[in-house]
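Below: the structure, in structure tokens.
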Amino acid sequence: MFDYDAERLRGVMVEIARSNISSDAWDWLHEKISLSEISSINSIFSRMPRMTGKDAVRVSPSDAESLEDLKPGFGLVNWTADRLGRVCLLMHIDPSDKERYLKTVEDLFLAAEMGELVALYSALPLLAYPEHWKFRCAEGIRSNMANVLEAIMYANPYPAKYLDESAWNQLVMKAFFTEKDIKRINGFDERANAELARILSDYAHERWAAGRSVNPLLWRATSGFIDQQIKDDLGKVLSDGDLRERKAAALTIFKSNSPEAKGLLKNYADLVSDIENKKLTWDTL
Amino acid sequence: MCCTHSFEDRKPATVPAEKLDLEAVQGMKFFDPHVHMTSRTTDDYQAMADSGIVALIEPAFWLGQPRTGIDSFRDYYSSLIGWERFRSSQFGIKHYCTIGLNSREANNEKLAEEVMELLPLFIYKEGVVGIGEIGFDDQTAAEEKYYRAQLELAKESGLPVQIHTPHRDKKKGTQRSMDIAIEHGLDPYKVIVDHNNEETVKEVLDKGFWAAFTIYPFTKMGNERMVEVAKQYGPERIMINSAADWGISDPLAVPKTAALMKIKGIGDEAIKLITYSNAIKAFAQSGQIDEKDFVNSASVDQSQKFEGNTVLRGGQQPRTNKSSIIIS
């Protein structure tokens, strides 16, 4: 039903919630989630910010570690109390009747306001029947609301684990289009693929043709799939790009298995030595 | 809900062209408690932000043609609390809404029944500040039935009510709307009666309701008339709005009228009440308006402020150069 230890993770989330909201709000939330059958879930879900407030959530290092152990890639960076309360509530919906469970959660999506959508999408990796939410996740990527996209892209292990290749490629493209922080996307390197590399290269050509800049992190996803076009692209970036672009191209080539592409690096010994000495990595770029 | 007249009906008087100058009210903040932003462009949002509008209320209304199924209503309500709210935030304007079944579509009883079942899903959402806009259009029995049902919903939820008063037979329709609200036990102080004019305002105020005026070219109030109303009745429980929608209307009606009031000698404090504070006071009875959310729009709502996100911070949408023929 769940792809992780739901009971333990629920325990950690509930403890984090308890320490981040007022005792009145905690009493209210605790009572609601302790019921074996949560009634009027729509209104509890909607009313959450009125009860919990919207302060930033603080997570202790040990709780953060537990979260990472129980659900790698999942975290509460930049979460607010109402979002945490809502996700806790979602984690307490009884999943034993599959059809009913799916309908309850889907109905919440259908009538959700912006803050609710953020909570719902960030709960995707925690919901029961994970296979079911692929379509919903792909729908969310079509959203144009920045905070909804971020809820799917950042500290959310669901997309990398469950989306098929074309939906995953949409997510990556959307992230570049909407200028998201690429480094915060779970599974960016692991899910790279030849089709995505081709799309990204075409996208870079479009940007160049329009006289616009290209995010150098784009090349990172092409590392394992350097064909002739991408090799030419990287050669062009190495010779014409600014320093950051040249560094990105060097990293891309260095980490590739393409001997042909590696030939491009022979004139860039300084960059290569920085990479070998770990002075230049994707994290430092 | 506006614009029931056909375009031919409008006979613009020969208006002496007064130069548009908002200098007089520069630095003032405005709240437009009735404006249908789904029908407006980003140019409007930009101009509204530039002229000092910091927050607005978008009442649910009809879309110019009737909806034929319940899902259209759900998607519309959902857009008011989702996409439109986000769009507004990109310009640093805090977006609230009222949710209700408008009077025209109340006449499709089969659909109206379904909408009544849907409403409780939406009225408790964050940022929903009232039941609206509801009331009479043709003053039919069906309109009355669903007006009453929604008043009950307002009572139950403790939300304010935003009443649309009819274009035709306005005075009687307004009286009837108020009488029914009182009959249902609503506190007039929680009811905002909209689209008033010189003929209706006195009774609305005397009975303890809030009187809203829509400054809308040709078919509703002009702002010179509004200045006279403000002079005669003072600022207590009076507010103005643009009701800008898909018709010929003006999303800057509130700041423009404030400027005219100032030029015509109305005091700053009174202008502030009519164009900002009264609307907040009336609709904040929902518990859903926190002035901090738009007075310091860059700092308060944590859920809309994410690291590395430049789009969401107030008023930071990239600007296009309107005076250039080049689009880049």
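Order determines the names: the first chain of the structure tokens is A, the second B, and so forth; residues in each chain are numbered 1 upward, and ligands are numbered 1 upward as they are shown.
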
Task: Per-residue DSSP, segment 14-257 of chain B, filtered to strand (DSSP E or B), as a VMD selection string - done: chain B and resid 30 to 32 53 to 59 94 to 99 128 to 135 161 to 164 191 to 193 210 to 215 221 238 to 241

- [ ] Show which residues sit within 9 Å of segment 241-257 of chain A, as a VMD selection string. Count only C-alpha atoms, and ignore same-chain residues fewer than 3 positions away.
- [x] chain A and resid 214 to 226 231 234 to 238 260 to 262 264 to 265 268 271 to 272 275 280 to 282 285

Can I get the residues of chain A within 12 Å of chain B, each with the closest pair of atoms and their distance in Å to one decimal, using only C-alpha atoms, sorted chain first then ascending number, as a tab-separated table?
residue	atom	partner	partner_atom	distance
A:Ser40	CA	B:Leu121	CA	10.0
A:Ile41	CA	B:Leu121	CA	10.3
A:Asn42	CA	B:Leu121	CA	6.8
A:Ser43	CA	B:Tyr124	CA	6.7
A:Ile44	CA	B:Tyr124	CA	9.4
A:Phe45	CA	B:Lys125	CA	8.9
A:Ser46	CA	B:Lys125	CA	5.2
A:Arg47	CA	B:Tyr124	CA	6.7
A:Met48	CA	B:Glu126	CA	8.9
A:Pro49	CA	B:Glu126	CA	7.5
A:Arg50	CA	B:Glu126	CA	8.0
A:Met51	CA	B:Glu126	CA	11.4
A:Gly53	CA	B:Asp301	CA	10.3
A:Lys54	CA	B:Gln302	CA	6.7
A:Asp55	CA	B:Gln302	CA	6.7
A:Ala56	CA	B:Gln302	CA	6.6
A:Val57	CA	B:Gln302	CA	10.0
A:Val77	CA	B:Phe306	CA	9.5
A:Asn78	CA	B:Phe306	CA	6.7
A:Trp79	CA	B:Ser303	CA	7.3
A:Thr80	CA	B:Ser303	CA	6.1
A:Ala81	CA	B:Ser303	CA	9.2
A:Asp82	CA	B:Ser303	CA	8.7
A:Arg83	CA	B:Ser303	CA	8.3
A:Leu84	CA	B:Ser303	CA	11.2
A:Asp107	CA	B:Leu121	CA	9.9
A:Leu108	CA	B:Leu121	CA	9.3
A:Phe109	CA	B:Ser78	CA	9.9
A:Leu110	CA	B:Ser78	CA	7.7
A:Ala111	CA	B:Ser78	CA	5.7
A:Ala112	CA	B:Ser78	CA	6.6
A:Glu113	CA	B:Ile81	CA	4.8
A:Met114	CA	B:Gly82	CA	4.7
A:Gly115	CA	B:Ser303	CA	7.1
A:Glu116	CA	B:Lys125	CA	9.1
A:Leu117	CA	B:Gly82	CA	8.4
A:Val118	CA	B:Ser303	CA	8.9
A:Ala119	CA	B:Ser303	CA	10.2
A:Ser143	CA	B:Trp83	CA	8.8
A:Asn144	CA	B:Trp83	CA	7.9
A:Met145	CA	B:Phe86	CA	6.3
A:Ala146	CA	B:Leu312	CA	7.6
A:Asn147	CA	B:Gln304	CA	7.0
A:Val148	CA	B:Gly82	CA	10.0
A:Leu149	CA	B:Asn309	CA	11.3
A:Glu150	CA	B:Phe306	CA	8.7
A:Ala151	CA	B:Phe306	CA	10.4
A:Tyr154	CA	B:Phe306	CA	10.9
A:Ala175	CA	B:Asn309	CA	11.9
A:Thr178	CA	B:Val311	CA	9.4
A:Glu179	CA	B:Asn309	CA	8.4
A:Lys180	CA	B:Asn309	CA	7.4
A:Asp181	CA	B:Gly308	CA	6.7
A:Ile182	CA	B:Gly308	CA	10.5
A:Lys183	CA	B:Gly308	CA	11.2
A:Arg184	CA	B:Gly308	CA	10.5
A:Ala210	CA	B:Ser328	CA	9.1
A:Gly211	CA	B:Ser328	CA	9.8
A:Arg212	CA	B:Ser328	CA	9.9

Enumerate as an mmCIF file with N, CA and C atoms, in the first residue's frame all residues of segment 2-230 of chain B assigned to helix (DSSP H, G or I) by DSSP on the backbone, naming them with the chain letters and numbers the document uses.
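Output saved as part.cif:
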data_model
loop_
_atom_site.group_PDB
_atom_site.id
_atom_site.type_symbol
_atom_site.label_atom_id
_atom_site.label_comp_id
_atom_site.auth_asym_id
_atom_site.auth_seq_id
_atom_site.Cartn_x
_atom_site.Cartn_y
_atom_site.Cartn_z
ATOM 1 N N PHE B 7 -24.389 47.412 -26.059
ATOM 2 C CA PHE B 7 -23.461 48.501 -26.288
ATOM 3 C C PHE B 7 -24.168 49.723 -26.888
ATOM 4 N N GLU B 8 -25.217 49.461 -27.680
ATOM 5 C CA GLU B 8 -25.915 50.575 -28.311
ATOM 6 C C GLU B 8 -26.657 51.422 -27.277
ATOM 7 N N ASP B 9 -27.034 50.775 -26.178
ATOM 8 C CA ASP B 9 -27.795 51.501 -25.163
ATOM 9 C C ASP B 9 -26.982 52.619 -24.519
ATOM 10 N N GLU B 23 -1.518 62.072 -9.467
ATOM 11 C CA GLU B 23 -0.531 62.717 -8.595
ATOM 12 C C GLU B 23 -1.114 63.015 -7.215
ATOM 13 N N ALA B 24 -2.368 63.512 -7.227
ATOM 14 C CA ALA B 24 -3.002 63.949 -5.985
ATOM 15 C C ALA B 24 -3.075 62.834 -4.937
ATOM 16 N N VAL B 25 -3.124 61.585 -5.396
ATOM 17 C CA VAL B 25 -3.276 60.485 -4.434
ATOM 18 C C VAL B 25 -2.041 59.580 -4.425
ATOM 19 N N MET B 37 -11.238 40.015 -11.999
ATOM 20 C CA MET B 37 -9.925 40.006 -12.633
ATOM 21 C C MET B 37 -9.763 38.910 -13.684
ATOM 22 N N THR B 38 -10.549 37.827 -13.590
ATOM 23 C CA THR B 38 -10.423 36.773 -14.608
ATOM 24 C C THR B 38 -10.689 37.345 -16.000
ATOM 25 N N SER B 39 -11.416 38.462 -16.057
ATOM 26 C CA SER B 39 -11.730 39.064 -17.356
ATOM 27 C C SER B 39 -10.728 40.134 -17.767
ATOM 28 N N THR B 42 -2.976 41.381 -17.888
ATOM 29 C CA THR B 42 -1.857 41.724 -17.009
ATOM 30 C C THR B 42 -1.551 43.226 -17.055
ATOM 31 N N ASP B 43 -1.863 43.889 -18.173
ATOM 32 C CA ASP B 43 -1.693 45.347 -18.224
ATOM 33 C C ASP B 43 -2.524 45.999 -17.122
ATOM 34 N N ASP B 44 -3.731 45.472 -16.917
ATOM 35 C CA ASP B 44 -4.583 46.034 -15.869
ATOM 36 C C ASP B 44 -3.964 45.819 -14.490
ATOM 37 N N TYR B 45 -3.491 44.595 -14.251
ATOM 38 C CA TYR B 45 -2.855 44.321 -12.956
ATOM 39 C C TYR B 45 -1.698 45.292 -12.711
ATOM 40 N N GLN B 46 -0.899 45.473 -13.763
ATOM 41 C CA GLN B 46 0.260 46.351 -13.641
ATOM 42 C C GLN B 46 -0.182 47.778 -13.307
ATOM 43 N N ALA B 47 -1.183 48.263 -14.045
ATOM 44 C CA ALA B 47 -1.657 49.628 -13.824
ATOM 45 C C ALA B 47 -2.283 49.775 -12.436
ATOM 46 N N MET B 48 -2.996 48.745 -11.999
ATOM 47 C CA MET B 48 -3.618 48.801 -10.674
ATOM 48 C C MET B 48 -2.548 48.885 -9.585
ATOM 49 N N ALA B 49 -1.534 48.037 -9.725
ATOM 50 C CA ALA B 49 -0.449 48.065 -8.734
ATOM 51 C C ALA B 49 0.232 49.428 -8.741
ATOM 52 N N ASP B 50 0.481 49.951 -9.931
ATOM 53 C CA ASP B 50 1.157 51.249 -10.041
ATOM 54 C C ASP B 50 0.348 52.375 -9.412
ATOM 55 N N ILE B 70 -22.181 21.486 -13.856
ATOM 56 C CA ILE B 70 -21.635 21.776 -12.532
ATOM 57 C C ILE B 70 -20.102 21.899 -12.539
ATOM 58 N N ASP B 71 -19.466 21.112 -13.405
ATOM 59 C CA ASP B 71 -18.005 21.165 -13.427
ATOM 60 C C ASP B 71 -17.485 22.552 -13.823
ATOM 61 N N SER B 72 -18.250 23.250 -14.654
ATOM 62 C CA SER B 72 -17.842 24.611 -15.026
ATOM 63 C C SER B 72 -17.837 25.524 -13.806
ATOM 64 N N PHE B 73 -18.827 25.309 -12.930
ATOM 65 C CA PHE B 73 -18.842 26.102 -11.697
ATOM 66 C C PHE B 73 -17.652 25.757 -10.814
ATOM 67 N N ARG B 74 -17.404 24.463 -10.681
ATOM 68 C CA ARG B 74 -16.299 24.053 -9.821
ATOM 69 C C ARG B 74 -14.972 24.608 -10.333
ATOM 70 N N ASP B 75 -14.766 24.506 -11.639
ATOM 71 C CA ASP B 75 -13.507 24.999 -12.189
ATOM 72 C C ASP B 75 -13.393 26.520 -12.026
ATOM 73 N N TYR B 76 -14.521 27.195 -12.151
ATOM 74 C CA TYR B 76 -14.494 28.657 -11.986
ATOM 75 C C TYR B 76 -14.152 29.031 -10.540
ATOM 76 N N TYR B 77 -14.853 28.427 -9.585
ATOM 77 C CA TYR B 77 -14.555 28.738 -8.177
ATOM 78 C C TYR B 77 -13.093 28.395 -7.876
ATOM 79 N N SER B 78 -12.680 27.254 -8.408
ATOM 80 C CA SER B 78 -11.320 26.807 -8.156
ATOM 81 C C SER B 78 -10.301 27.769 -8.762
ATOM 82 N N SER B 79 -10.625 28.371 -9.897
ATOM 83 C CA SER B 79 -9.689 29.337 -10.494
ATOM 84 C C SER B 79 -9.608 30.611 -9.667
ATOM 85 N N LEU B 80 -10.706 30.954 -8.983
ATOM 86 C CA LEU B 80 -10.682 32.170 -8.158
ATOM 87 C C LEU B 80 -9.753 32.023 -6.959
ATOM 88 N N ILE B 81 -9.636 30.811 -6.445
ATOM 89 C CA ILE B 81 -8.766 30.620 -5.285
ATOM 90 C C ILE B 81 -7.408 30.054 -5.689
ATOM 91 N N TRP B 83 -5.496 29.890 -9.667
ATOM 92 C CA TRP B 83 -4.719 30.583 -10.696
ATOM 93 C C TRP B 83 -4.837 32.108 -10.606
ATOM 94 N N GLU B 84 -6.067 32.616 -10.415
ATOM 95 C CA GLU B 84 -6.214 34.068 -10.388
ATOM 96 C C GLU B 84 -5.508 34.661 -9.173
ATOM 97 N N ARG B 85 -5.568 33.946 -8.075
ATOM 98 C CA ARG B 85 -4.885 34.403 -6.865
ATOM 99 C C ARG B 85 -3.380 34.481 -7.106
ATOM 100 N N PHE B 86 -2.869 33.483 -7.786
ATOM 101 C CA PHE B 86 -1.438 33.488 -8.102
ATOM 102 C C PHE B 86 -1.088 34.622 -9.065
ATOM 103 N N ARG B 87 -1.920 34.767 -10.098
ATOM 104 C CA ARG B 87 -1.658 35.802 -11.095
ATOM 105 C C ARG B 87 -1.566 37.167 -10.405
ATOM 106 N N SER B 88 -2.499 37.429 -9.535
ATOM 107 C CA SER B 88 -2.528 38.698 -8.811
ATOM 108 C C SER B 88 -1.275 38.875 -7.958
ATOM 109 N N SER B 89 -0.863 37.803 -7.297
ATOM 110 C CA SER B 89 0.301 37.890 -6.406
ATOM 111 C C SER B 89 1.563 38.274 -7.178
ATOM 112 N N GLU B 105 -27.913 32.890 -12.946
ATOM 113 C CA GLU B 105 -27.860 31.436 -13.091
ATOM 114 C C GLU B 105 -28.675 30.705 -12.031
ATOM 115 N N ALA B 106 -29.162 31.461 -11.043
ATOM 116 C CA ALA B 106 -30.088 30.852 -10.090
ATOM 117 C C ALA B 106 -31.363 30.426 -10.803
ATOM 118 N N ASN B 107 -31.603 31.001 -11.976
ATOM 119 C CA ASN B 107 -32.833 30.672 -12.694
ATOM 120 C C ASN B 107 -32.791 29.303 -13.376
ATOM 121 N N GLU B 109 -32.771 26.070 -12.330
ATOM 122 C CA GLU B 109 -32.927 25.455 -11.004
ATOM 123 C C GLU B 109 -32.212 24.127 -10.844
ATOM 124 N N LYS B 110 -32.199 23.347 -11.910
ATOM 125 C CA LYS B 110 -31.567 22.041 -11.799
ATOM 126 C C LYS B 110 -30.075 22.216 -11.479
ATOM 127 N N LEU B 111 -29.462 23.107 -12.216
ATOM 128 C CA LEU B 111 -28.049 23.368 -12.002
ATOM 129 C C LEU B 111 -27.818 24.076 -10.656
ATOM 130 N N ALA B 112 -28.724 24.975 -10.340
ATOM 131 C CA ALA B 112 -28.601 25.727 -9.084
ATOM 132 C C ALA B 112 -28.557 24.790 -7.877
ATOM 133 N N GLU B 113 -29.372 23.736 -7.937
ATOM 134 C CA GLU B 113 -29.367 22.765 -6.829
ATOM 135 C C GLU B 113 -27.980 22.142 -6.658
ATOM 136 N N GLU B 114 -27.382 21.794 -7.784
ATOM 137 C CA GLU B 114 -26.047 21.186 -7.713
ATOM 138 C C GLU B 114 -25.017 22.181 -7.192
ATOM 139 N N VAL B 115 -25.162 23.448 -7.613
ATOM 140 C CA VAL B 115 -24.220 24.460 -7.156
ATOM 141 C C VAL B 115 -24.338 24.637 -5.635
ATOM 142 N N MET B 116 -25.553 24.607 -5.128
ATOM 143 C CA MET B 116 -25.738 24.753 -3.686
ATOM 144 C C MET B 116 -25.012 23.650 -2.919
ATOM 145 N N GLU B 117 -24.959 22.461 -3.508
ATOM 146 C CA GLU B 117 -24.233 21.368 -2.851
ATOM 147 C C GLU B 117 -22.723 21.569 -2.917
ATOM 148 N N LEU B 118 -22.294 22.288 -3.947
ATOM 149 C CA LEU B 118 -20.866 22.502 -4.159
ATOM 150 C C LEU B 118 -20.314 23.612 -3.256
ATOM 151 N N LEU B 119 -21.154 24.609 -2.976
ATOM 152 C CA LEU B 119 -20.665 25.810 -2.276
ATOM 153 C C LEU B 119 -19.930 25.533 -0.961
ATOM 154 N N PRO B 120 -20.446 24.623 -0.117
ATOM 155 C CA PRO B 120 -19.734 24.409 1.154
ATOM 156 C C PRO B 120 -18.285 23.957 0.975
ATOM 157 N N LEU B 121 -17.965 23.376 -0.163
ATOM 158 C CA LEU B 121 -16.578 22.966 -0.418
ATOM 159 C C LEU B 121 -15.661 24.170 -0.587
ATOM 160 N N PHE B 122 -16.242 25.299 -0.971
ATOM 161 C CA PHE B 122 -15.403 26.448 -1.307
ATOM 162 C C PHE B 122 -15.444 27.592 -0.301
ATOM 163 N N ILE B 123 -16.553 27.733 0.410
ATOM 164 C CA ILE B 123 -16.678 28.957 1.223
ATOM 165 C C ILE B 123 -15.751 28.974 2.434
ATOM 166 N N ALA B 141 -38.909 34.104 -8.786
ATOM 167 C CA ALA B 141 -39.064 33.236 -7.620
ATOM 168 C C ALA B 141 -37.816 32.380 -7.394
ATOM 169 N N ALA B 142 -37.223 31.911 -8.497
ATOM 170 C CA ALA B 142 -36.020 31.077 -8.355
ATOM 171 C C ALA B 142 -34.878 31.893 -7.765
ATOM 172 N N GLU B 143 -34.746 33.123 -8.223
ATOM 173 C CA GLU B 143 -33.694 33.983 -7.675
ATOM 174 C C GLU B 143 -33.889 34.149 -6.166
ATOM 175 N N GLU B 144 -35.127 34.355 -5.777
ATOM 176 C CA GLU B 144 -35.397 34.545 -4.348
ATOM 177 C C GLU B 144 -35.057 33.282 -3.553
ATOM 178 N N LYS B 145 -35.420 32.147 -4.122
ATOM 179 C CA LYS B 145 -35.177 30.880 -3.439
ATOM 180 C C LYS B 145 -33.692 30.693 -3.135
ATOM 181 N N TYR B 146 -32.843 30.920 -4.144
ATOM 182 C CA TYR B 146 -31.415 30.659 -3.927
ATOM 183 C C TYR B 146 -30.716 31.804 -3.191
ATOM 184 N N TYR B 147 -31.284 32.983 -3.286
ATOM 185 C CA TYR B 147 -30.785 34.084 -2.462
ATOM 186 C C TYR B 147 -30.989 33.730 -0.986
ATOM 187 N N ARG B 148 -32.186 33.266 -0.680
ATOM 188 C CA ARG B 148 -32.484 32.891 0.713
ATOM 189 C C ARG B 148 -31.582 31.740 1.173
ATOM 190 N N ALA B 149 -31.436 30.756 0.321
ATOM 191 C CA ALA B 149 -30.623 29.592 0.707
ATOM 192 C C ALA B 149 -29.177 30.015 0.987
ATOM 193 N N GLN B 150 -28.700 30.973 0.219
ATOM 194 C CA GLN B 150 -27.306 31.408 0.418
ATOM 195 C C GLN B 150 -27.164 32.318 1.636
ATOM 196 N N LEU B 151 -28.233 33.041 1.966
ATOM 197 C CA LEU B 151 -28.192 33.816 3.209
ATOM 198 C C LEU B 151 -28.054 32.872 4.405
ATOM 199 N N GLU B 152 -28.758 31.746 4.312
ATOM 200 C CA GLU B 152 -28.651 30.755 5.390
ATOM 201 C C GLU B 152 -27.213 30.217 5.491
ATOM 202 N N LEU B 153 -26.621 30.012 4.331
ATOM 203 C CA LEU B 153 -25.241 29.531 4.297
ATOM 204 C C LEU B 153 -24.300 30.564 4.931
ATOM 205 N N ALA B 154 -24.566 31.828 4.656
ATOM 206 C CA ALA B 154 -23.745 32.898 5.229
ATOM 207 C C ALA B 154 -23.887 32.917 6.743
ATOM 208 N N LYS B 155 -25.113 32.716 7.191
ATOM 209 C CA LYS B 155 -25.362 32.733 8.631
ATOM 210 C C LYS B 155 -24.618 31.592 9.306
ATOM 211 N N GLU B 156 -24.735 30.444 8.695
ATOM 212 C CA GLU B 156 -24.117 29.243 9.235
ATOM 213 C C GLU B 156 -22.590 29.369 9.282
ATOM 214 N N SER B 157 -22.018 29.985 8.260
ATOM 215 C CA SER B 157 -20.558 30.060 8.177
ATOM 216 C C SER B 157 -20.006 31.319 8.827
ATOM 217 N N LYS B 170 -34.470 48.930 -9.657
ATOM 218 C CA LYS B 170 -33.385 48.852 -8.690
ATOM 219 C C LYS B 170 -33.822 49.139 -7.265
ATOM 220 N N LYS B 171 -34.622 50.211 -7.120
ATOM 221 C CA LYS B 171 -34.944 50.636 -5.761
ATOM 222 C C LYS B 171 -35.733 49.557 -5.021
ATOM 223 N N LYS B 172 -36.720 49.017 -5.709
ATOM 224 C CA LYS B 172 -37.530 47.977 -5.074
ATOM 225 C C LYS B 172 -36.677 46.728 -4.814
ATOM 226 N N GLY B 173 -35.855 46.385 -5.802
ATOM 227 C CA GLY B 173 -35.004 45.199 -5.658
ATOM 228 C C GLY B 173 -34.057 45.329 -4.471
ATOM 229 N N THR B 174 -33.550 46.533 -4.272
ATOM 230 C CA THR B 174 -32.628 46.763 -3.161
ATOM 231 C C THR B 174 -33.353 46.629 -1.821
ATOM 232 N N GLN B 175 -34.538 47.237 -1.763
ATOM 233 C CA GLN B 175 -35.328 47.138 -0.529
ATOM 234 C C GLN B 175 -35.639 45.685 -0.202
ATOM 235 N N ARG B 176 -36.059 44.964 -1.238
ATOM 236 C CA ARG B 176 -36.444 43.566 -1.041
ATOM 237 C C ARG B 176 -35.235 42.742 -0.575
ATOM 238 N N SER B 177 -34.071 43.014 -1.165
ATOM 239 C CA SER B 177 -32.858 42.277 -0.763
ATOM 240 C C SER B 177 -32.582 42.493 0.728
ATOM 241 N N MET B 178 -32.721 43.726 1.169
ATOM 242 C CA MET B 178 -32.430 44.032 2.576
ATOM 243 C C MET B 178 -33.481 43.418 3.500
ATOM 244 N N ASP B 179 -34.743 43.545 3.103
ATOM 245 C CA ASP B 179 -35.813 42.985 3.943
ATOM 246 C C ASP B 179 -35.620 41.483 4.149
ATOM 247 N N ILE B 180 -35.277 40.799 3.075
ATOM 248 C CA ILE B 180 -35.109 39.345 3.179
ATOM 249 C C ILE B 180 -33.904 39.005 4.063
ATOM 250 N N ALA B 181 -32.818 39.790 3.918
ATOM 251 C CA ALA B 181 -31.640 39.529 4.756
ATOM 252 C C ALA B 181 -31.997 39.686 6.233
ATOM 253 N N ILE B 182 -32.770 40.706 6.543
ATOM 254 C CA ILE B 182 -33.170 40.925 7.943
ATOM 255 C C ILE B 182 -34.098 39.806 8.409
ATOM 256 N N GLU B 183 -35.005 39.419 7.503
ATOM 257 C CA GLU B 183 -35.925 38.321 7.834
ATOM 258 C C GLU B 183 -35.157 37.040 8.195
ATOM 259 N N PRO B 188 -27.167 43.437 9.653
ATOM 260 C CA PRO B 188 -26.887 44.320 8.511
ATOM 261 C C PRO B 188 -25.423 44.746 8.437
ATOM 262 N N TYR B 189 -24.752 44.758 9.581
ATOM 263 C CA TYR B 189 -23.356 45.170 9.597
ATOM 264 C C TYR B 189 -22.469 44.139 8.892
ATOM 265 N N LYS B 190 -23.007 42.948 8.649
ATOM 266 C CA LYS B 190 -22.242 41.931 7.926
ATOM 267 C C LYS B 190 -22.659 41.836 6.464
ATOM 268 N N VAL B 201 -29.133 54.873 -1.587
ATOM 269 C CA VAL B 201 -28.120 54.926 -0.530
ATOM 270 C C VAL B 201 -28.694 55.250 0.852
ATOM 271 N N LYS B 202 -29.647 56.158 0.903
ATOM 272 C CA LYS B 202 -30.112 56.611 2.220
ATOM 273 C C LYS B 202 -30.717 55.452 3.022
ATOM 274 N N GLU B 203 -31.585 54.709 2.346
ATOM 275 C CA GLU B 203 -32.256 53.621 3.048
ATOM 276 C C GLU B 203 -31.263 52.532 3.477
ATOM 277 N N VAL B 204 -30.286 52.271 2.613
ATOM 278 C CA VAL B 204 -29.280 51.250 2.926
ATOM 279 C C VAL B 204 -28.511 51.636 4.195
ATOM 280 N N LEU B 205 -28.103 52.887 4.260
ATOM 281 C CA LEU B 205 -27.357 53.354 5.441
ATOM 282 C C LEU B 205 -28.253 53.400 6.674
ATOM 283 N N ASP B 206 -29.474 53.900 6.485
ATOM 284 C CA ASP B 206 -30.400 54.011 7.629
ATOM 285 C C ASP B 206 -30.670 52.648 8.266
ATOM 286 N N ASN B 223 -17.917 59.030 -11.429
ATOM 287 C CA ASN B 223 -17.280 59.407 -10.161
ATOM 288 C C ASN B 223 -17.539 60.857 -9.740
ATOM 289 N N GLU B 224 -18.011 61.695 -10.657
ATOM 290 C CA GLU B 224 -18.404 63.036 -10.208
ATOM 291 C C GLU B 224 -19.649 62.958 -9.327
ATOM 292 N N ARG B 225 -20.582 62.088 -9.741
ATOM 293 C CA ARG B 225 -21.773 61.876 -8.894
ATOM 294 C C ARG B 225 -21.344 61.306 -7.542
ATOM 295 N N MET B 226 -20.329 60.419 -7.595
ATOM 296 C CA MET B 226 -19.873 59.785 -6.356
ATOM 297 C C MET B 226 -19.321 60.814 -5.375
ATOM 298 N N VAL B 227 -18.608 61.786 -5.907
ATOM 299 C CA VAL B 227 -18.057 62.827 -5.042
ATOM 300 C C VAL B 227 -19.200 63.541 -4.304
ATOM 301 N N GLU B 228 -20.273 63.817 -5.032
ATOM 302 C CA GLU B 228 -21.421 64.492 -4.403
ATOM 303 C C GLU B 228 -22.047 63.619 -3.314
ATOM 304 N N VAL B 229 -22.162 62.316 -3.602
ATOM 305 C CA VAL B 229 -22.718 61.395 -2.598
ATOM 306 C C VAL B 229 -21.848 61.409 -1.341
ATOM 307 N N ALA B 230 -20.535 61.380 -1.550
ATOM 308 C CA ALA B 230 -19.623 61.360 -0.404
ATOM 309 C C ALA B 230 -19.743 62.645 0.404
#

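The space between atom CA of Glu133 of chain B and atom CA of Phe61 of chain B spans 6.4 Å.
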
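For the atom pair formed by atom CA of Gly158 of chain B and atom CA of Glu269 of chain B, the distance is 29.6 Å, given to one decimal.
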
- [ ] Take atom CA of Thr165 of chain B and atom CA of His195 of chain B and report the distance between them in Å, one decimal.
- [x]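 Computing it gives 6.1 Å between the two atoms.
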
- [ ] Show which residues sit within 9 Å of Ile38 of chain A, as a list in words. Count only C-alpha atoms, and ignore same-chain residues fewer than 3 positions away.
- [x]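 Within the cut-off, the hits are Lys32, Ile33, Ser34, Leu35, Ile41, His92, Ile93 and Asp94 of chain A.
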